[in-house]
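Note: the block below is run-v3.cif and it holds mmCIF, C-alpha atoms.
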```cif
data_input
#
loop_
_atom_site.label_atom_id
_atom_site.label_comp_id
_atom_site.auth_asym_id
_atom_site.auth_seq_id
_atom_site.Cartn_x
_atom_site.Cartn_y
_atom_site.Cartn_z
CA MET A 1 -200.14 -69.99 -122.10
CA LYS A 2 -196.46 -69.20 -121.77
CA ARG A 3 -193.94 -71.93 -121.20
CA ARG A 4 -191.08 -70.73 -119.06
CA LEU A 5 -189.48 -74.15 -118.63
CA ALA A 6 -188.31 -76.03 -121.69
CA LYS A 7 -189.64 -79.52 -122.21
CA THR A 8 -186.23 -81.08 -121.63
CA GLN A 9 -185.43 -78.95 -118.60
CA ARG A 10 -185.79 -80.62 -115.21
CA PRO A 11 -187.15 -78.86 -112.14
CA ILE A 12 -184.44 -78.28 -109.55
CA CYS A 13 -185.79 -81.00 -107.25
CA CYS A 14 -186.04 -83.73 -109.91
CA PRO A 15 -182.83 -85.80 -110.17
CA PRO A 16 -182.20 -87.70 -113.45
CA ILE A 17 -182.72 -91.12 -111.84
CA MET A 18 -186.10 -90.14 -110.42
CA ARG A 19 -187.14 -88.68 -113.79
CA ALA A 20 -186.27 -91.99 -115.46
CA MET A 21 -188.27 -93.94 -112.86
CA ILE A 22 -191.35 -91.80 -113.45
CA SER A 23 -191.00 -92.16 -117.22
CA LEU A 24 -190.87 -95.95 -116.97
CA LEU A 25 -194.33 -95.98 -115.42
CA LEU A 26 -195.81 -94.86 -118.72
CA LEU A 27 -194.05 -97.14 -121.20
CA GLN A 28 -196.88 -99.68 -121.56
CA PRO A 29 -199.89 -99.01 -123.79
CA VAL A 30 -203.39 -98.76 -122.33
CA LEU A 31 -204.91 -102.22 -122.66
CA PRO A 32 -208.28 -103.78 -121.79
CA LEU A 33 -208.39 -105.68 -118.51
CA SER A 34 -208.75 -108.97 -120.37
CA SER A 35 -205.17 -108.57 -121.57
CA PRO A 36 -202.53 -110.28 -119.40
CA PHE A 37 -200.38 -107.15 -119.76
CA GLY A 38 -202.99 -104.66 -118.60
CA GLY A 39 -202.36 -104.45 -114.86
CA THR A 40 -204.78 -102.23 -112.93
CA THR A 41 -205.11 -100.75 -109.47
CA LYS A 42 -207.83 -99.38 -107.22
CA ASN A 43 -207.21 -96.23 -105.21
CA VAL A 44 -207.69 -97.71 -101.74
CA ALA A 45 -206.47 -94.49 -100.13
CA THR A 46 -209.28 -92.51 -101.73
CA GLN A 47 -211.86 -95.11 -100.68
CA ILE A 48 -210.72 -94.87 -97.04
CA LEU A 49 -210.67 -91.08 -97.01
CA GLN A 50 -214.19 -90.90 -98.43
CA GLY A 51 -215.41 -92.26 -95.10
CA ALA A 52 -214.10 -89.13 -93.39
CA GLY A 53 -216.92 -87.06 -94.88
CA PRO A 54 -216.67 -83.43 -96.01
CA ALA A 55 -213.52 -81.63 -94.86
CA SER A 56 -214.05 -79.36 -91.85
CA VAL A 57 -210.45 -78.12 -91.73
CA ASP A 58 -208.15 -76.26 -94.10
CA MET A 59 -206.87 -79.04 -96.37
CA ASP A 60 -203.71 -77.07 -97.12
CA LEU A 61 -202.55 -78.27 -93.70
CA TYR A 62 -201.84 -81.58 -95.42
CA ASN A 63 -199.84 -80.29 -98.39
CA ILE A 64 -196.52 -82.11 -98.63
CA PRO A 65 -193.09 -80.40 -98.73
CA ARG A 66 -192.23 -78.86 -102.09
CA ASP A 67 -189.07 -80.93 -102.52
CA GLU A 68 -191.04 -84.21 -102.27
CA ILE A 69 -193.69 -83.47 -104.88
CA VAL A 70 -191.91 -84.44 -108.10
CA GLY A 71 -190.70 -87.79 -106.81
CA GLU A 72 -194.20 -88.72 -105.62
CA TRP A 73 -196.10 -88.43 -108.91
CA LYS A 74 -196.83 -91.59 -110.87
CA ALA A 75 -199.53 -92.92 -113.20
CA ASN A 76 -201.61 -96.08 -112.77
CA PHE A 77 -204.07 -98.04 -114.83
CA VAL A 78 -207.37 -97.70 -112.96
CA GLN A 79 -210.38 -99.89 -113.64
CA LYS A 80 -213.53 -98.09 -114.72
CA ALA A 81 -216.63 -99.06 -112.79
CA ASN A 82 -218.73 -101.75 -114.54
CA GLU A 83 -216.42 -101.75 -117.57
CA ASN A 84 -213.78 -104.18 -118.79
CA THR A 85 -211.37 -101.39 -119.63
CA ALA A 86 -208.85 -99.28 -117.77
CA LYS A 87 -207.84 -95.64 -117.88
CA VAL A 88 -204.61 -93.96 -116.90
CA ALA A 89 -204.93 -91.86 -113.75
CA LEU A 90 -202.55 -89.93 -111.54
CA ALA A 91 -201.40 -91.55 -108.31
CA CYS A 92 -198.69 -91.13 -105.69
CA GLN A 93 -195.87 -93.35 -104.51
CA SER A 94 -196.26 -93.21 -100.72
CA PRO A 95 -199.12 -95.09 -99.01
CA GLU A 96 -199.27 -92.22 -96.51
CA TYR A 97 -200.19 -89.71 -99.24
CA PHE A 98 -203.29 -89.36 -101.41
CA ILE A 99 -204.40 -87.47 -104.51
CA ASP A 100 -206.87 -84.69 -103.78
CA SER A 101 -209.05 -82.95 -106.39
CA ILE A 102 -209.52 -79.19 -106.20
CA THR A 103 -211.73 -76.97 -108.37
CA ILE A 104 -210.48 -73.44 -109.01
CA ASN A 105 -212.32 -70.65 -110.86
CA PHE A 106 -210.88 -67.36 -112.11
CA PRO A 107 -211.70 -64.87 -114.89
CA ARG A 108 -210.04 -65.23 -118.26
CA ASN A 109 -207.63 -62.46 -119.21
CA PRO A 110 -207.12 -62.41 -122.99
CA GLU A 111 -203.70 -60.82 -122.52
CA GLU A 112 -202.18 -63.58 -120.40
CA GLY A 113 -203.76 -66.86 -121.48
CA LEU A 114 -204.18 -69.39 -118.71
CA GLY A 115 -201.39 -67.91 -116.59
CA LEU A 116 -199.64 -71.23 -115.92
CA SER A 117 -196.14 -72.45 -116.68
CA LEU A 118 -195.86 -76.23 -117.01
CA VAL A 119 -193.07 -78.77 -116.86
CA GLU A 120 -193.19 -82.33 -118.17
CA LEU A 121 -192.08 -85.08 -115.80
CA ALA A 122 -192.79 -88.03 -118.07
CA GLY A 123 -193.64 -88.45 -121.73
CA GLY A 124 -192.02 -89.25 -125.04
CA ARG A 125 -194.29 -92.23 -125.74
CA GLY A 126 -195.67 -90.86 -128.98
CA ASP A 127 -199.29 -91.27 -127.88
CA GLY A 128 -199.55 -88.10 -125.78
CA LEU A 129 -199.56 -89.83 -122.39
CA GLY A 130 -197.32 -88.42 -119.69
CA ILE A 131 -197.21 -86.42 -116.47
CA THR A 132 -197.22 -82.63 -116.56
CA ILE A 133 -197.25 -80.38 -113.49
CA VAL A 134 -197.49 -76.67 -112.75
CA SER A 135 -194.13 -74.97 -112.22
CA GLU A 136 -195.28 -71.35 -111.93
CA VAL A 137 -198.55 -69.42 -111.57
CA SER A 138 -199.16 -65.81 -112.62
CA GLY A 139 -201.90 -63.30 -113.40
CA ALA A 140 -205.52 -64.09 -112.59
CA ALA A 141 -204.67 -67.71 -111.83
CA ALA A 142 -202.40 -66.55 -108.99
CA SER A 143 -205.09 -64.37 -107.45
CA ALA A 144 -208.05 -66.76 -107.72
CA GLU A 145 -210.48 -66.48 -104.82
CA GLY A 146 -210.62 -69.42 -102.43
CA ALA A 147 -208.35 -72.30 -103.41
CA SER A 148 -205.06 -71.54 -105.16
CA ILE A 149 -203.03 -73.37 -107.78
CA LEU A 150 -199.68 -74.40 -106.33
CA TYR A 151 -196.34 -75.61 -107.61
CA GLY A 152 -196.52 -79.34 -108.28
CA ASP A 153 -200.26 -79.47 -109.00
CA SER A 154 -201.33 -81.34 -112.12
CA VAL A 155 -204.20 -79.96 -114.18
CA ALA A 156 -206.70 -82.78 -114.79
CA VAL A 157 -209.57 -80.90 -116.45
CA VAL A 158 -209.74 -77.45 -118.04
CA GLY A 159 -213.18 -75.92 -118.35
CA LEU A 160 -214.37 -72.66 -119.86
CA VAL A 161 -217.67 -70.98 -118.98
CA ARG A 162 -218.57 -68.41 -121.64
CA THR A 163 -221.28 -65.81 -120.97
CA ALA A 164 -222.53 -63.60 -123.79
CA LYS A 165 -222.53 -59.88 -123.00
CA LYS A 166 -225.64 -59.31 -125.11
CA LEU A 167 -228.92 -60.72 -123.82
CA SER A 168 -230.94 -63.11 -125.95
CA GLU A 169 -234.68 -62.90 -125.29
CA GLY A 170 -233.87 -61.19 -122.01
CA LYS A 171 -231.48 -63.93 -120.86
CA ALA A 172 -227.71 -64.21 -120.82
CA MET A 173 -226.53 -67.06 -123.05
CA VAL A 174 -224.04 -69.33 -121.29
CA GLU A 175 -221.93 -72.04 -122.93
CA GLU A 176 -219.63 -74.49 -121.18
CA TYR A 177 -216.59 -76.29 -122.60
CA THR A 178 -214.38 -78.90 -120.92
CA ILE A 179 -211.28 -80.82 -121.95
CA ALA A 180 -209.51 -83.59 -120.00
CA THR A 181 -205.75 -83.15 -119.51
CA GLU A 182 -204.95 -85.73 -116.82
CA CYS A 183 -201.89 -87.87 -117.61
CA LEU A 184 -200.97 -86.00 -120.80
CA ASP A 185 -197.46 -84.94 -121.74
CA TYR A 186 -196.61 -81.27 -122.26
CA GLU A 187 -197.40 -81.08 -125.97
CA ALA A 188 -200.71 -82.94 -125.62
CA THR A 189 -201.69 -80.73 -122.67
CA VAL A 190 -201.04 -77.53 -124.60
CA GLU A 191 -202.85 -78.90 -127.65
CA ALA A 192 -205.89 -79.82 -125.54
CA ILE A 193 -206.09 -76.39 -123.91
CA SER A 194 -205.61 -74.67 -127.27
CA SER A 195 -208.65 -76.53 -128.63
CA LEU A 196 -210.93 -74.44 -126.39
CA PRO A 197 -212.55 -71.36 -127.97
CA PRO A 198 -210.21 -68.35 -128.24
CA ALA A 199 -210.84 -65.24 -126.18
CA ASN A 200 -213.41 -62.76 -127.50
CA ALA A 201 -213.59 -59.98 -124.91
CA GLU A 202 -215.86 -57.86 -127.10
CA ASP A 203 -218.76 -60.32 -127.07
CA PHE A 204 -218.13 -62.67 -124.13
CA GLU A 205 -216.99 -62.87 -120.53
CA ASP A 206 -215.06 -66.08 -119.93
CA THR A 207 -214.26 -67.89 -116.69
CA TRP A 208 -211.67 -70.64 -116.38
CA VAL A 209 -212.76 -73.65 -114.31
CA LEU A 210 -209.79 -75.89 -113.51
CA LYS A 211 -209.82 -79.22 -111.73
CA VAL A 212 -206.32 -79.83 -110.41
CA LYS A 213 -204.86 -82.86 -108.68
CA ARG A 214 -202.64 -82.30 -105.64
CA ILE A 215 -200.62 -84.70 -103.50
CA ARG A 216 -201.43 -84.43 -99.81
CA ARG A 217 -200.65 -86.50 -96.77
CA LYS A 218 -203.43 -88.44 -95.10
CA PRO A 219 -204.56 -87.03 -91.75
CA LYS A 220 -203.52 -89.33 -88.89
CA ILE A 221 -205.22 -90.13 -85.61
CA SER A 222 -203.29 -91.52 -82.65
CA VAL A 223 -205.56 -93.91 -80.71
CA ARG A 224 -204.51 -94.99 -77.22
CA LEU A 225 -206.25 -98.16 -76.03
CA LEU A 226 -206.74 -98.76 -72.30
CA TYR A 227 -207.52 -102.31 -71.15
CA PRO A 228 -209.42 -103.31 -67.98
CA PRO A 229 -207.05 -104.08 -65.08
CA SER A 230 -208.44 -107.63 -64.95
CA GLN A 231 -206.99 -108.37 -68.42
CA ASN A 232 -203.41 -107.57 -67.40
CA GLU A 233 -202.82 -106.03 -70.82
CA GLU A 234 -200.48 -103.13 -71.44
CA ASP A 235 -201.89 -100.00 -73.03
CA VAL A 236 -201.50 -99.87 -76.81
CA THR A 237 -201.24 -96.86 -79.12
CA LEU A 238 -202.32 -97.26 -82.75
CA GLU A 239 -202.01 -94.86 -85.66
CA LEU A 240 -205.05 -94.76 -87.95
CA PHE A 241 -205.80 -92.69 -91.03
CA ALA A 242 -208.77 -90.37 -91.30
CA GLY A 243 -211.77 -92.22 -92.71
CA GLU A 244 -210.86 -95.62 -91.26
CA ASN A 245 -213.48 -97.63 -89.41
CA LEU A 246 -212.32 -97.94 -85.80
CA ARG A 247 -213.09 -101.65 -85.44
CA GLN A 248 -211.61 -102.60 -88.81
CA GLY A 249 -208.56 -100.42 -88.23
CA MET A 250 -207.92 -102.16 -84.92
CA LEU A 251 -208.41 -105.63 -86.41
CA VAL A 252 -205.92 -105.13 -89.25
CA ARG A 253 -203.40 -103.95 -86.64
CA GLY A 254 -203.86 -107.07 -84.54
CA VAL A 255 -206.30 -105.78 -81.91
CA LYS A 256 -209.55 -107.75 -81.56
CA LEU A 257 -212.60 -106.43 -79.73
CA ASN A 258 -214.83 -109.14 -78.28
CA ASP A 259 -216.26 -108.33 -74.85
CA PRO A 260 -217.74 -111.62 -73.51
CA LEU A 261 -219.91 -109.70 -71.04
CA ALA A 262 -221.66 -107.68 -73.74
CA LYS A 263 -225.24 -108.57 -74.72
CA ARG A 264 -226.76 -108.29 -78.18
CA PHE A 265 -229.28 -105.53 -78.69
CA ASP A 266 -231.66 -107.77 -80.68
CA THR A 267 -231.62 -111.10 -78.78
CA LYS A 268 -230.29 -109.92 -75.39
CA ASN A 269 -227.92 -112.90 -75.52
CA SER A 270 -224.16 -112.94 -75.98
CA GLY A 271 -222.62 -113.32 -79.42
CA ASN A 272 -220.69 -111.35 -82.01
CA CYS A 273 -222.81 -109.90 -84.84
CA GLY A 274 -219.80 -109.44 -87.16
CA ALA A 275 -219.91 -105.62 -87.36
CA GLY A 276 -223.63 -105.54 -88.06
CA GLY A 277 -224.29 -103.03 -85.28
CA LEU A 278 -226.56 -105.46 -83.40
CA CYS A 279 -224.34 -106.37 -80.47
CA ARG A 280 -222.15 -104.46 -78.06
CA THR A 281 -219.06 -106.67 -78.16
CA CYS A 282 -217.07 -103.91 -79.89
CA SER A 283 -218.28 -101.12 -77.60
CA VAL A 284 -215.64 -98.69 -76.37
CA VAL A 285 -215.66 -95.71 -74.04
CA VAL A 286 -214.17 -92.58 -75.57
CA GLN A 287 -212.33 -90.78 -72.78
CA SER A 288 -210.93 -88.06 -75.03
CA GLY A 289 -211.08 -87.11 -78.69
CA ILE A 290 -214.75 -87.92 -79.23
CA ASP A 291 -214.94 -84.96 -81.62
CA LEU A 292 -212.67 -86.93 -83.99
CA LEU A 293 -215.44 -89.47 -84.64
CA ASN A 294 -218.42 -89.32 -86.99
CA PRO A 295 -221.83 -88.49 -85.49
CA GLN A 296 -223.87 -91.43 -84.23
CA ARG A 297 -226.72 -92.66 -86.38
CA VAL A 298 -230.16 -93.30 -84.93
CA SER A 299 -229.74 -97.04 -84.25
CA GLU A 300 -226.44 -96.57 -82.41
CA LYS A 301 -227.90 -93.74 -80.34
CA GLN A 302 -230.77 -95.99 -79.30
CA MET A 303 -228.46 -98.84 -78.29
CA LEU A 304 -226.17 -96.60 -76.23
CA ALA A 305 -228.70 -94.04 -74.99
CA ASP A 306 -227.68 -94.52 -71.34
CA SER A 307 -223.94 -94.24 -72.07
CA PRO A 308 -223.20 -90.97 -73.92
CA ARG A 309 -219.44 -91.57 -74.18
CA TRP A 310 -219.81 -95.11 -75.51
CA ARG A 311 -219.45 -95.90 -79.20
CA LEU A 312 -219.79 -99.03 -81.30
CA ALA A 313 -216.36 -99.39 -82.86
CA CYS A 314 -217.94 -101.00 -85.93
CA LYS A 315 -219.91 -97.80 -86.59
CA ALA A 316 -217.23 -95.27 -85.61
CA ILE A 317 -215.13 -93.51 -88.26
CA VAL A 318 -211.95 -91.81 -87.03
CA GLY A 319 -210.76 -88.46 -88.34
CA TYR A 320 -214.25 -87.43 -89.41
CA GLY A 321 -214.17 -84.14 -91.29
CA MET A 322 -210.54 -84.88 -92.29
CA LYS A 323 -209.41 -83.92 -88.80
CA GLU A 324 -206.37 -85.37 -87.08
CA GLY A 325 -205.46 -85.58 -83.42
CA GLU A 326 -205.28 -87.93 -80.45
CA MET A 327 -207.88 -90.19 -78.86
CA THR A 328 -207.98 -92.26 -75.69
CA ILE A 329 -210.51 -95.08 -75.44
CA ARG A 330 -211.32 -97.85 -72.98
CA VAL A 331 -211.95 -101.25 -74.53
CA ASN A 332 -214.27 -103.92 -73.11
CA PRO A 333 -216.08 -101.33 -70.95
CA ASN A 334 -218.28 -103.94 -69.23
CA GLN A 335 -215.18 -105.31 -67.50
CA TRP A 336 -214.09 -102.07 -65.85
#
```

Would you write the structure of this file as structure tokens?
Amino acid sequence: MKRRLAKTQRPICCPPIMRAMISLLLLQPVLPLSSPFGGTTKNVATQILQGAGPASVDMDLYNIPRDEIVGEWKANFVQKANENTAKVALACQSPEYFIDSITINFPRNPEEGLGLSLVELAGGRGDGLGITIVSEVSGAAASAEGASILYGDSVAVVGLVRTAKKLSEGKAMVEEYTIATECLDYEATVEAISSLPPANAEDFEDTWVLKVKRIRRKPKISVRLLYPPSQNEEDVTLELFAGENLRQGMLVRGVKLNDPLAKRFDTKNSGNCGAGGLCRTCSVVVQSGIDLLNPQRVSEKQMLADSPRWRLACKAIVGYGMKEGEMTIRVNPNQW
């Protein structure tokens, strides 16, 4: 792997002050959560976006401008599930961005190494922790089928799939190797990659399998709310992120759904079920943009069988499939 940018050289878009700010994020040692100095975070953005389901659009639509990438990278202590310890993980500064994971495969060329040039944004701790991103891509890495490695990506995991050219008992022998490189400085990243088996084109065919982290903006959905004329309320337009629950997203933005004329599906009486999907107090009519919502599940279909454009806001996820766009909905439909 050739290094075209020296460790002390800054990318053009990284001013000295920003570089210092990023470096400060990595000055504390990794500590167990029981320590008063071991602050942790949970990636709420990722949790929200998981509700959007599998992407049905080209995710490169949400790549951020090149000149914003360097200033957005940071590292956080993230709690491991069911463990009283934390790990260091990549994160981004803006609440409107998120870290996406992309897997990229391409054949190994013994003549060119990995085909990536890297630049270190943060490091110098002495323990190998830091932030290293891709500054240039060449060779097989630049012509990988499907997803591509881009400037500003950070390589989190490097894998190597090695297939023997000679058959053993009529079968091709396959070995897999992986090494984690997330939140390592330049030297530690190179050392980790160098620990993988060297090329041996005579006996093996190797394939690189890289998991890279990329900063992308969250898809947004503009939701226009129309109130019944009897309520004398002005129309409201909200901006939600893909993966947000419609009812919860409205509540946190100060809009409460509670149609007093709605009847519960289970008791046939009035009353709010608290987002349990048993009442119709949060029902809405989707006038436009219904394709931006998740498909109805069986219970919701049964409750709203006679009203095909109605949805229970407590069961509706906006931006499903990581789509963005505009919606218009009528609230309190029983009062229209």

Point to revise | Long-range neighbours of segment 139-153 of chain A as a PyMOL selection string, 6 Å cut-off, all atoms listed in the file, 4 positions minimum in chain | key: chain A and resi 106+115+133-135+213-214

**Study point:** Selected residue, from A:Thr178, A:Ser94, A:Ser138, A:Ser168, that lies nearest to Gly113 of chain A when counting only C-alpha atoms
**Key:** A:Ser138

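Between Pro228 of chain A and the residues A:Ala52, A:Asn109, A:Ile329, A:Ala75, the shortest atom-to-atom distance, using all atoms listed in the file, involves A:Ile329.
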
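Of the listed residues (A:Ile179, A:Ala188, A:Ala201, A:Val223), A:Ala188 comes nearest to Thr132 of chain A; the distances count all atoms listed in the file.
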
Practice item. Would you work out the distance separating atom CA of Leu238 of chain A from atom CA of Asn63 of chain A, expressed in Å to one decimal? Key: 23.2 Å

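Atom CA of Leu49 of chain A is found 22.2 Å from atom CA of Ser288 of chain A.
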
Exercise for review: Show which residues sit within 9 Å of Glu234 of chain A, as a PyMOL selection string. Count all atoms listed in the file, and ignore same-chain residues fewer than 4 positions away.
Suggested key: chain A and resi 225-227

Produce a file of the selected residues containing C-alpha atoms, as a PDB file, keeping the file's coordinate frame.
```pdb
ATOM      1  CA  LEU A 225    -206.250 -98.160 -76.030  1.00  0.00           C
ATOM      2  CA  LEU A 226    -206.740 -98.760 -72.300  1.00  0.00           C
ATOM      3  CA  TYR A 227    -207.520-102.310 -71.150  1.00  0.00           C
TER       4      TYR A 227
END
```

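Counting from atom CA of Gln335 of chain A, the distance to atom CA of Lys315 of chain A is 21.1 Å.
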
Check your understanding: Got a sec: who's within 12 Å of Gly249 of chain A, counting only C-alpha atoms, leaving out chain neighbours fewer than 5 positions off, as a ChimeraX atom specification?
Key -> /A:48,221-223,238-244,254-257,313-318

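The closest residue to Arg309 of chain A, picked from A:Thr103, A:Gln93, A:Gln287, A:Ser154 and counting all atoms listed in the file, is A:Gln287.
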
Review point. Within 10 Å of (-208.5, -83.9, -85.5), only C-alpha atoms: residues as a PyMOL selection string?
Key: chain A and resi 56-57+219-222+242+289-293+318-327

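For the set A:Val155, A:Ala305, A:Ile131, A:Val236, the residue with the smallest atom-to-atom gap to Ile102 of chain A is A:Val155, counting only C-alpha atoms.
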
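When the PyMOL selection byres ((chain A and resi 65-72) around 6) is evaluated on the file shown here, the picked residues come out as Cys13, Ile64, Trp73, Cys92 and Gln93 of chain A.
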
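All protein and nucleic acid residues in the vicinity of (-200.6, -83.6, -97.2), that is within 10 Å when counting all atoms listed in the file, are Met59, Asp60, Leu61, Tyr62, Asn63, Ile64, Pro65, Glu96, Tyr97, Phe98, Ile99, Asp100, Arg214, Ile215, Arg216, Arg217, Lys218 and Pro219 of chain A.
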
Give me the residues near Val284 of chain A as a PDB file with C-alpha atoms, in the coordinates of the input, where near means some atom within 6 Å (using all atoms listed in the file) and where sequence neighbours in that chain fewer than 4 positions away do not count.
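And here is the file that came out, out_20.pdb:
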```
ATOM      1  CA  TRP A 310    -219.810 -95.110 -75.510  1.00  0.00           C
ATOM      2  CA  ARG A 311    -219.450 -95.900 -79.200  1.00  0.00           C
ATOM      3  CA  ARG A 330    -211.320 -97.850 -72.980  1.00  0.00           C
ATOM      4  CA  VAL A 331    -211.950-101.250 -74.530  1.00  0.00           C
TER       5      VAL A 331
END
```
